[in-house]
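Visitor: Let me give you the structure first, and then I'll get to my questions.
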Amino acid sequence: MATGSNTAVLMDHDAHTLSDPKTTWGEWMTQKYRHYTTGKYYKPIHQFLLGLYSFSLFFVYPLLAISIIFFNWQLALGVYAIRFLLQAIILYKGMAKLNEKDLYPWFLFFDIWMFFYYLFTVPAIWKAPRKNWD
């Protein structure tokens, strides 16, 4: 339903909406499963881009390790360094706009965490509860 004429993106710290975090692993996983149920409502291009992003995050570290061990480690680290620098610049600019620069030193940790996050949450795609959000 969102179009360019009825929707806007607001990058401002004052536009943040905060919610209470889940306090148990089970509650958090249930929330993640529920989030997966809304993906079918996204535009196909957004589904593709989010899937591509998820796919790249899931495979970047295993492929980096394999490349370092079995192929040219200098090339593998060079490609990773370019990815790292681009990511650092983009995240810094976004965090600065949202007044969240205190998170910046943690971005590499969070990036590595995403590999494990996807290991735990990918099953949610198949286990997601069938809720009607209409």
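Residue numbering restarts at 1 in every chain; chains get A, B, ... in the order shown in the structure tokens, and ligands count up from 1 in that same order.
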Got a sec to tell me which of chain A DSSP assigns to helix (DSSP H, G or I), as a CSV table (one decimal) with N, CA, C and O atoms, in the first residue's frame?

Guide:
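In the end it all went to selection_35.csv:
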chain,number,residue,atom,x,y,z
A,13,HIS,N,16.4,11.5,15.0
A,13,HIS,CA,16.4,10.9,16.3
A,13,HIS,C,15.1,11.0,17.0
A,13,HIS,O,14.6,10.1,17.7
A,14,ASP,N,14.4,12.2,16.8
A,14,ASP,CA,13.1,12.4,17.5
A,14,ASP,C,12.0,11.6,16.9
A,14,ASP,O,10.9,11.5,17.5
A,15,ALA,N,12.2,10.9,15.8
A,15,ALA,CA,11.2,10.1,15.2
A,15,ALA,C,11.3,8.6,15.6
A,15,ALA,O,10.5,7.8,15.2
A,25,TRP,N,14.6,-15.7,26.0
A,25,TRP,CA,15.0,-16.2,24.7
A,25,TRP,C,13.7,-16.6,24.0
A,25,TRP,O,13.5,-16.3,22.8
A,26,GLY,N,12.8,-17.3,24.6
A,26,GLY,CA,11.6,-17.7,24.0
A,26,GLY,C,10.7,-16.6,23.5
A,26,GLY,O,10.2,-16.7,22.4
A,27,GLU,N,10.6,-15.5,24.3
A,27,GLU,CA,9.8,-14.4,23.9
A,27,GLU,C,10.4,-13.7,22.7
A,27,GLU,O,9.8,-13.3,21.7
A,28,TRP,N,11.8,-13.6,22.7
A,28,TRP,CA,12.5,-13.0,21.6
A,28,TRP,C,12.3,-13.8,20.3
A,28,TRP,O,12.0,-13.2,19.3
A,29,MET,N,12.4,-15.1,20.4
A,29,MET,CA,12.3,-16.0,19.2
A,29,MET,C,10.8,-15.9,18.7
A,29,MET,O,10.6,-15.8,17.5
A,30,THR,N,9.9,-15.9,19.6
A,30,THR,CA,8.5,-15.7,19.2
A,30,THR,C,8.3,-14.4,18.4
A,30,THR,O,7.6,-14.4,17.4
A,31,GLN,N,8.9,-13.4,18.9
A,31,GLN,CA,8.8,-12.1,18.2
A,31,GLN,C,9.4,-12.2,16.8
A,31,GLN,O,8.9,-11.7,15.8
A,32,LYS,N,10.6,-12.8,16.7
A,32,LYS,CA,11.3,-13.0,15.4
A,32,LYS,C,10.4,-13.8,14.5
A,32,LYS,O,10.3,-13.4,13.3
A,33,TYR,N,9.8,-14.9,14.9
A,33,TYR,CA,8.9,-15.7,14.1
A,33,TYR,C,7.8,-14.8,13.6
A,33,TYR,O,7.4,-14.9,12.4
A,34,ARG,N,7.2,-14.0,14.4
A,34,ARG,CA,6.1,-13.1,14.1
A,34,ARG,C,6.5,-12.1,13.0
A,34,ARG,O,5.8,-11.8,12.1
A,35,HIS,N,7.7,-11.6,13.1
A,35,HIS,CA,8.2,-10.6,12.2
A,35,HIS,C,8.3,-11.2,10.8
A,35,HIS,O,8.1,-10.5,9.8
A,36,TYR,N,8.7,-12.5,10.7
A,36,TYR,CA,8.8,-13.1,9.4
A,36,TYR,C,7.4,-13.3,8.7
A,36,TYR,O,7.4,-13.4,7.5
A,39,GLY,N,6.7,-10.5,5.9
A,39,GLY,CA,7.5,-10.3,4.6
A,39,GLY,C,6.7,-10.5,3.4
A,39,GLY,O,7.0,-9.8,2.3
A,40,LYS,N,5.7,-11.3,3.4
A,40,LYS,CA,4.9,-11.5,2.1
A,40,LYS,C,4.1,-10.2,1.7
A,40,LYS,O,3.7,-10.1,0.6
A,41,TYR,N,4.0,-9.2,2.6
A,41,TYR,CA,3.4,-8.0,2.3
A,41,TYR,C,4.3,-6.9,1.7
A,41,TYR,O,3.9,-5.9,1.2
A,44,PRO,N,7.9,-6.9,-4.1
A,44,PRO,CA,8.9,-8.0,-4.6
A,44,PRO,C,10.3,-7.5,-4.6
A,44,PRO,O,11.2,-8.2,-4.2
A,45,ILE,N,10.5,-6.2,-5.0
A,45,ILE,CA,11.9,-5.7,-5.1
A,45,ILE,C,12.5,-5.6,-3.7
A,45,ILE,O,13.7,-5.9,-3.5
A,46,HIS,N,11.7,-5.2,-2.7
A,46,HIS,CA,12.2,-5.1,-1.3
A,46,HIS,C,12.4,-6.5,-0.7
A,46,HIS,O,13.4,-6.7,0.0
A,47,GLN,N,11.5,-7.5,-1.1
A,47,GLN,CA,11.8,-8.8,-0.6
A,47,GLN,C,13.1,-9.4,-1.2
A,47,GLN,O,13.9,-10.0,-0.5
A,48,PHE,N,13.3,-9.1,-2.5
A,48,PHE,CA,14.6,-9.5,-3.1
A,48,PHE,C,15.8,-8.9,-2.4
A,48,PHE,O,16.8,-9.6,-2.1
A,49,LEU,N,15.7,-7.6,-2.2
A,49,LEU,CA,16.9,-6.9,-1.6
A,49,LEU,C,17.2,-7.3,-0.2
A,49,LEU,O,18.3,-7.5,0.2
A,50,LEU,N,16.1,-7.5,0.6
A,50,LEU,CA,16.3,-8.0,2.0
A,50,LEU,C,16.8,-9.4,2.0
A,50,LEU,O,17.7,-9.7,2.8
A,51,GLY,N,16.3,-10.2,1.0
A,51,GLY,CA,16.9,-11.6,0.9
A,51,GLY,C,18.3,-11.6,0.5
A,51,GLY,O,19.1,-12.3,1.1
A,52,LEU,N,18.7,-10.7,-0.4
A,52,LEU,CA,20.1,-10.6,-0.9
A,52,LEU,C,21.0,-10.2,0.3
A,52,LEU,O,22.0,-10.7,0.5
A,53,TYR,N,20.5,-9.2,1.0
A,53,TYR,CA,21.3,-8.7,2.2
A,53,TYR,C,21.5,-9.8,3.2
A,53,TYR,O,22.6,-10.1,3.7
A,54,SER,N,20.4,-10.5,3.5
A,54,SER,CA,20.5,-11.6,4.5
A,54,SER,C,21.4,-12.7,4.0
A,54,SER,O,22.2,-13.2,4.7
A,55,PHE,N,21.3,-13.1,2.7
A,55,PHE,CA,22.1,-14.1,2.1
A,55,PHE,C,23.6,-13.7,2.2
A,55,PHE,O,24.4,-14.5,2.6
A,56,SER,N,23.9,-12.5,1.9
A,56,SER,CA,25.3,-12.0,1.9
A,56,SER,C,25.8,-12.0,3.3
A,56,SER,O,27.0,-12.4,3.5
A,57,LEU,N,25.0,-11.6,4.3
A,57,LEU,CA,25.5,-11.6,5.7
A,57,LEU,C,25.7,-13.1,6.2
A,57,LEU,O,26.7,-13.3,6.9
A,58,PHE,N,24.9,-14.0,5.8
A,58,PHE,CA,25.0,-15.3,6.2
A,58,PHE,C,26.2,-16.0,5.7
A,58,PHE,O,26.8,-16.9,6.4
A,59,PHE,N,26.7,-15.7,4.5
A,59,PHE,CA,27.8,-16.4,3.8
A,59,PHE,C,29.1,-15.6,3.9
A,59,PHE,O,30.1,-16.2,3.6
A,60,VAL,N,29.1,-14.4,4.2
A,60,VAL,CA,30.4,-13.6,4.1
A,60,VAL,C,31.5,-14.2,5.0
A,60,VAL,O,32.6,-14.3,4.5
A,61,TYR,N,31.3,-14.6,6.2
A,61,TYR,CA,32.3,-15.0,7.1
A,61,TYR,C,32.8,-16.5,6.8
A,61,TYR,O,34.0,-16.7,6.8
A,62,PRO,N,31.9,-17.4,6.5
A,62,PRO,CA,32.4,-18.7,6.1
A,62,PRO,C,33.2,-18.7,4.8
A,62,PRO,O,34.2,-19.3,4.7
A,63,LEU,N,32.7,-17.9,3.8
A,63,LEU,CA,33.4,-17.8,2.6
A,63,LEU,C,34.8,-17.1,2.8
A,63,LEU,O,35.8,-17.4,2.1
A,64,LEU,N,34.8,-16.1,3.7
A,64,LEU,CA,36.1,-15.4,4.0
A,64,LEU,C,37.1,-16.5,4.5
A,64,LEU,O,38.2,-16.5,4.1
A,65,ALA,N,36.6,-17.3,5.5
A,65,ALA,CA,37.5,-18.3,6.1
A,65,ALA,C,38.0,-19.3,5.1
A,65,ALA,O,39.2,-19.6,5.0
A,66,ILE,N,37.1,-19.8,4.2
A,66,ILE,CA,37.5,-20.7,3.2
A,66,ILE,C,38.5,-20.1,2.2
A,66,ILE,O,39.4,-20.8,1.9
A,67,SER,N,38.2,-18.9,1.8
A,67,SER,CA,39.1,-18.2,0.9
A,67,SER,C,40.5,-18.0,1.5
A,67,SER,O,41.5,-18.1,0.8
A,68,ILE,N,40.6,-17.6,2.8
A,68,ILE,CA,41.9,-17.4,3.4
A,68,ILE,C,42.6,-18.7,3.5
A,68,ILE,O,43.8,-18.8,3.3
A,69,ILE,N,41.9,-19.8,3.8
A,69,ILE,CA,42.6,-21.1,4.0
A,69,ILE,C,43.0,-21.8,2.6
A,69,ILE,O,44.1,-22.3,2.5
A,70,PHE,N,42.1,-21.8,1.7
A,70,PHE,CA,42.3,-22.5,0.5
A,70,PHE,C,42.7,-21.7,-0.8
A,70,PHE,O,43.1,-22.3,-1.8
A,73,TRP,N,44.9,-15.6,0.3
A,73,TRP,CA,44.4,-14.9,1.5
A,73,TRP,C,44.5,-13.4,1.4
A,73,TRP,O,43.7,-12.7,2.0
A,74,GLN,N,45.5,-12.9,0.6
A,74,GLN,CA,45.6,-11.4,0.4
A,74,GLN,C,44.4,-10.9,-0.3
A,74,GLN,O,43.9,-9.8,0.1
A,75,LEU,N,44.0,-11.6,-1.4
A,75,LEU,CA,42.8,-11.2,-2.1
A,75,LEU,C,41.6,-11.2,-1.3
A,75,LEU,O,40.8,-10.3,-1.3
A,76,ALA,N,41.4,-12.3,-0.5
A,76,ALA,CA,40.2,-12.5,0.4
A,76,ALA,C,40.2,-11.3,1.4
A,76,ALA,O,39.1,-10.7,1.6
A,77,LEU,N,41.3,-11.0,2.0
A,77,LEU,CA,41.3,-10.0,3.0
A,77,LEU,C,41.1,-8.6,2.4
A,77,LEU,O,40.5,-7.7,2.9
A,78,GLY,N,41.6,-8.4,1.1
A,78,GLY,CA,41.4,-7.2,0.4
A,78,GLY,C,40.0,-6.9,0.1
A,78,GLY,O,39.4,-5.8,0.3
A,79,VAL,N,39.3,-8.0,-0.4
A,79,VAL,CA,37.8,-7.8,-0.7
A,79,VAL,C,37.1,-7.6,0.6
A,79,VAL,O,36.2,-6.7,0.6
A,80,TYR,N,37.4,-8.3,1.7
A,80,TYR,CA,36.8,-8.0,3.0
A,80,TYR,C,37.0,-6.6,3.5
A,80,TYR,O,36.1,-6.0,4.0
A,81,ALA,N,38.2,-6.1,3.3
A,81,ALA,CA,38.6,-4.8,3.7
A,81,ALA,C,37.7,-3.7,3.0
A,81,ALA,O,37.3,-2.7,3.6
A,82,ILE,N,37.5,-3.9,1.7
A,82,ILE,CA,36.7,-3.0,0.9
A,82,ILE,C,35.3,-3.0,1.5
A,82,ILE,O,34.6,-2.0,1.7
A,83,ARG,N,34.7,-4.2,1.7
A,83,ARG,CA,33.4,-4.4,2.3
A,83,ARG,C,33.3,-3.7,3.6
A,83,ARG,O,32.4,-2.9,4.0
A,84,PHE,N,34.3,-3.9,4.5
A,84,PHE,CA,34.4,-3.3,5.8
A,84,PHE,C,34.4,-1.8,5.8
A,84,PHE,O,33.7,-1.2,6.5
A,85,LEU,N,35.2,-1.2,4.9
A,85,LEU,CA,35.3,0.2,4.8
A,85,LEU,C,34.0,0.8,4.3
A,85,LEU,O,33.5,1.9,4.9
A,86,LEU,N,33.4,0.2,3.3
A,86,LEU,CA,32.1,0.7,2.8
A,86,LEU,C,31.0,0.7,3.9
A,86,LEU,O,30.2,1.6,4.1
A,87,GLN,N,31.0,-0.5,4.6
A,87,GLN,CA,30.0,-0.6,5.7
A,87,GLN,C,30.3,0.4,6.8
A,87,GLN,O,29.4,1.0,7.3
A,88,ALA,N,31.6,0.6,7.1
A,88,ALA,CA,31.9,1.6,8.2
A,88,ALA,C,31.4,3.0,7.8
A,88,ALA,O,30.8,3.7,8.7
A,89,ILE,N,31.6,3.4,6.6
A,89,ILE,CA,31.2,4.7,6.2
A,89,ILE,C,29.7,4.9,6.2
A,89,ILE,O,29.2,5.8,6.8
A,90,ILE,N,29.0,3.9,5.6
A,90,ILE,CA,27.5,3.9,5.6
A,90,ILE,C,26.9,3.9,7.0
A,90,ILE,O,26.0,4.7,7.3
A,91,LEU,N,27.4,3.0,7.8
A,91,LEU,CA,26.8,2.9,9.2
A,91,LEU,C,27.2,4.2,10.0
A,91,LEU,O,26.3,4.6,10.7
A,92,TYR,N,28.3,4.7,9.8
A,92,TYR,CA,28.7,5.9,10.6
A,92,TYR,C,27.8,7.1,10.2
A,92,TYR,O,27.3,7.8,11.1
A,93,LYS,N,27.5,7.2,8.9
A,93,LYS,CA,26.6,8.3,8.5
A,93,LYS,C,25.2,8.1,9.0
A,93,LYS,O,24.6,9.1,9.5
A,94,GLY,N,24.7,6.9,8.9
A,94,GLY,CA,23.4,6.6,9.5
A,94,GLY,C,23.3,6.8,11.0
A,94,GLY,O,22.3,7.4,11.5
A,95,MET,N,24.3,6.3,11.7
A,95,MET,CA,24.3,6.5,13.1
A,95,MET,C,24.4,7.9,13.5
A,95,MET,O,23.8,8.4,14.5
A,96,ALA,N,25.2,8.7,12.8
A,96,ALA,CA,25.3,10.1,13.1
A,96,ALA,C,24.0,10.8,12.9
A,96,ALA,O,23.6,11.6,13.8
A,97,LYS,N,23.2,10.5,11.8
A,97,LYS,CA,21.9,11.1,11.6
A,97,LYS,C,20.9,10.8,12.7
A,97,LYS,O,20.1,11.6,13.0
A,101,LYS,N,25.8,7.4,17.6
A,101,LYS,CA,27.2,7.1,17.3
A,101,LYS,C,27.9,6.3,18.4
A,101,LYS,O,28.9,5.7,18.1
A,102,ASP,N,27.2,6.1,19.5
A,102,ASP,CA,27.8,5.3,20.6
A,102,ASP,C,27.8,3.8,20.2
A,102,ASP,O,28.6,3.0,20.7
A,103,LEU,N,27.0,3.4,19.2
A,103,LEU,CA,26.9,2.1,18.7
A,103,LEU,C,28.0,1.8,17.7
A,103,LEU,O,28.3,0.6,17.4
A,104,TYR,N,28.6,2.8,17.2
A,104,TYR,CA,29.6,2.6,16.1
A,104,TYR,C,30.7,1.7,16.4
A,104,TYR,O,31.0,0.8,15.6
A,105,PRO,N,31.4,1.8,17.6
A,105,PRO,CA,32.5,0.9,17.8
A,105,PRO,C,32.1,-0.6,17.8
A,105,PRO,O,32.9,-1.5,17.7
A,106,TRP,N,30.8,-0.9,18.0
A,106,TRP,CA,30.3,-2.2,18.0
A,106,TRP,C,29.9,-2.8,16.7
A,106,TRP,O,29.5,-4.0,16.6
A,107,PHE,N,30.0,-2.1,15.6
A,107,PHE,CA,29.3,-2.5,14.4
A,107,PHE,C,30.0,-3.8,13.9
A,107,PHE,O,29.3,-4.7,13.3
A,108,LEU,N,31.3,-4.0,14.0
A,108,LEU,CA,31.9,-5.3,13.5
A,108,LEU,C,31.4,-6.5,14.4
A,108,LEU,O,31.0,-7.5,13.8
A,109,PHE,N,31.2,-6.3,15.7
A,109,PHE,CA,30.7,-7.4,16.5
A,109,PHE,C,29.3,-7.7,16.1
A,109,PHE,O,28.9,-8.9,15.9
A,110,PHE,N,28.5,-6.7,15.8
A,110,PHE,CA,27.1,-6.9,15.4
A,110,PHE,C,27.0,-7.6,14.0
A,110,PHE,O,26.2,-8.4,13.8
A,111,ASP,N,27.9,-7.2,13.2
A,111,ASP,CA,28.0,-7.8,11.8
A,111,ASP,C,28.3,-9.3,12.0
A,111,ASP,O,27.7,-10.2,11.3
A,112,ILE,N,29.3,-9.7,12.8
A,112,ILE,CA,29.6,-11.1,13.0
A,112,ILE,C,28.4,-11.8,13.7
A,112,ILE,O,28.1,-12.9,13.4
A,113,TRP,N,27.8,-11.1,14.6
A,113,TRP,CA,26.6,-11.7,15.3
A,113,TRP,C,25.5,-12.1,14.3
A,113,TRP,O,24.8,-13.1,14.5
A,114,MET,N,25.4,-11.3,13.3
A,114,MET,CA,24.3,-11.6,12.3
A,114,MET,C,24.5,-13.0,11.7
A,114,MET,O,23.4,-13.6,11.4
A,115,PHE,N,25.7,-13.4,11.5
A,115,PHE,CA,25.9,-14.8,11.0
A,115,PHE,C,25.2,-15.8,12.0
A,115,PHE,O,24.4,-16.7,11.5
A,116,PHE,N,25.4,-15.6,13.2
A,116,PHE,CA,24.8,-16.6,14.2
A,116,PHE,C,23.3,-16.3,14.4
A,116,PHE,O,22.5,-17.2,14.5
A,117,TYR,N,22.9,-15.1,14.2
A,117,TYR,CA,21.5,-14.7,14.3
A,117,TYR,C,20.7,-15.5,13.2
A,117,TYR,O,19.7,-16.1,13.4
A,118,TYR,N,21.3,-15.5,12.0
A,118,TYR,CA,20.6,-16.2,10.9
A,118,TYR,C,20.6,-17.7,11.1
A,118,TYR,O,19.7,-18.4,10.7
A,119,LEU,N,21.6,-18.2,11.7
A,119,LEU,CA,21.6,-19.6,12.0
A,119,LEU,C,20.4,-20.0,12.9
A,119,LEU,O,19.8,-21.1,12.7
A,120,PHE,N,20.1,-19.1,13.8
A,120,PHE,CA,19.0,-19.4,14.8
A,120,PHE,C,17.7,-19.0,14.2
A,120,PHE,O,16.7,-19.7,14.6
A,121,THR,N,17.6,-18.0,13.4
A,121,THR,CA,16.3,-17.6,12.9
A,121,THR,C,15.8,-18.1,11.6
A,121,THR,O,14.6,-17.9,11.3
A,124,ALA,N,12.8,-20.0,11.3
A,124,ALA,CA,11.5,-19.3,11.5
A,124,ALA,C,10.8,-19.1,10.2
A,124,ALA,O,9.5,-18.9,10.2
A,125,ILE,N,11.5,-19.1,9.1
A,125,ILE,CA,10.8,-18.9,7.8
A,125,ILE,C,9.8,-20.1,7.6
A,125,ILE,O,8.7,-19.8,7.1
A,126,TRP,N,10.1,-21.2,8.0
A,126,TRP,CA,9.2,-22.4,7.9
A,126,TRP,C,8.3,-22.6,9.1
A,126,TRP,O,7.3,-23.2,8.9
A,127,LYS,N,8.7,-22.1,10.2
A,127,LYS,CA,7.9,-22.3,11.4
A,127,LYS,C,7.0,-21.1,11.8
A,127,LYS,O,6.3,-21.2,12.7

Visitor: Between CA of Thr37 in chain A and CA of Thr17 in chain A, measure the distance and give it in Å to one decimal.

Guide: 21.0 Å

Visitor: How many Å separate CA of Pro21 in chain A from CA of Ala8 in chain A?

Guide: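 If I compute the distance from CA of Pro21 in chain A to CA of Ala8 in chain A, I get 26.2 Å.
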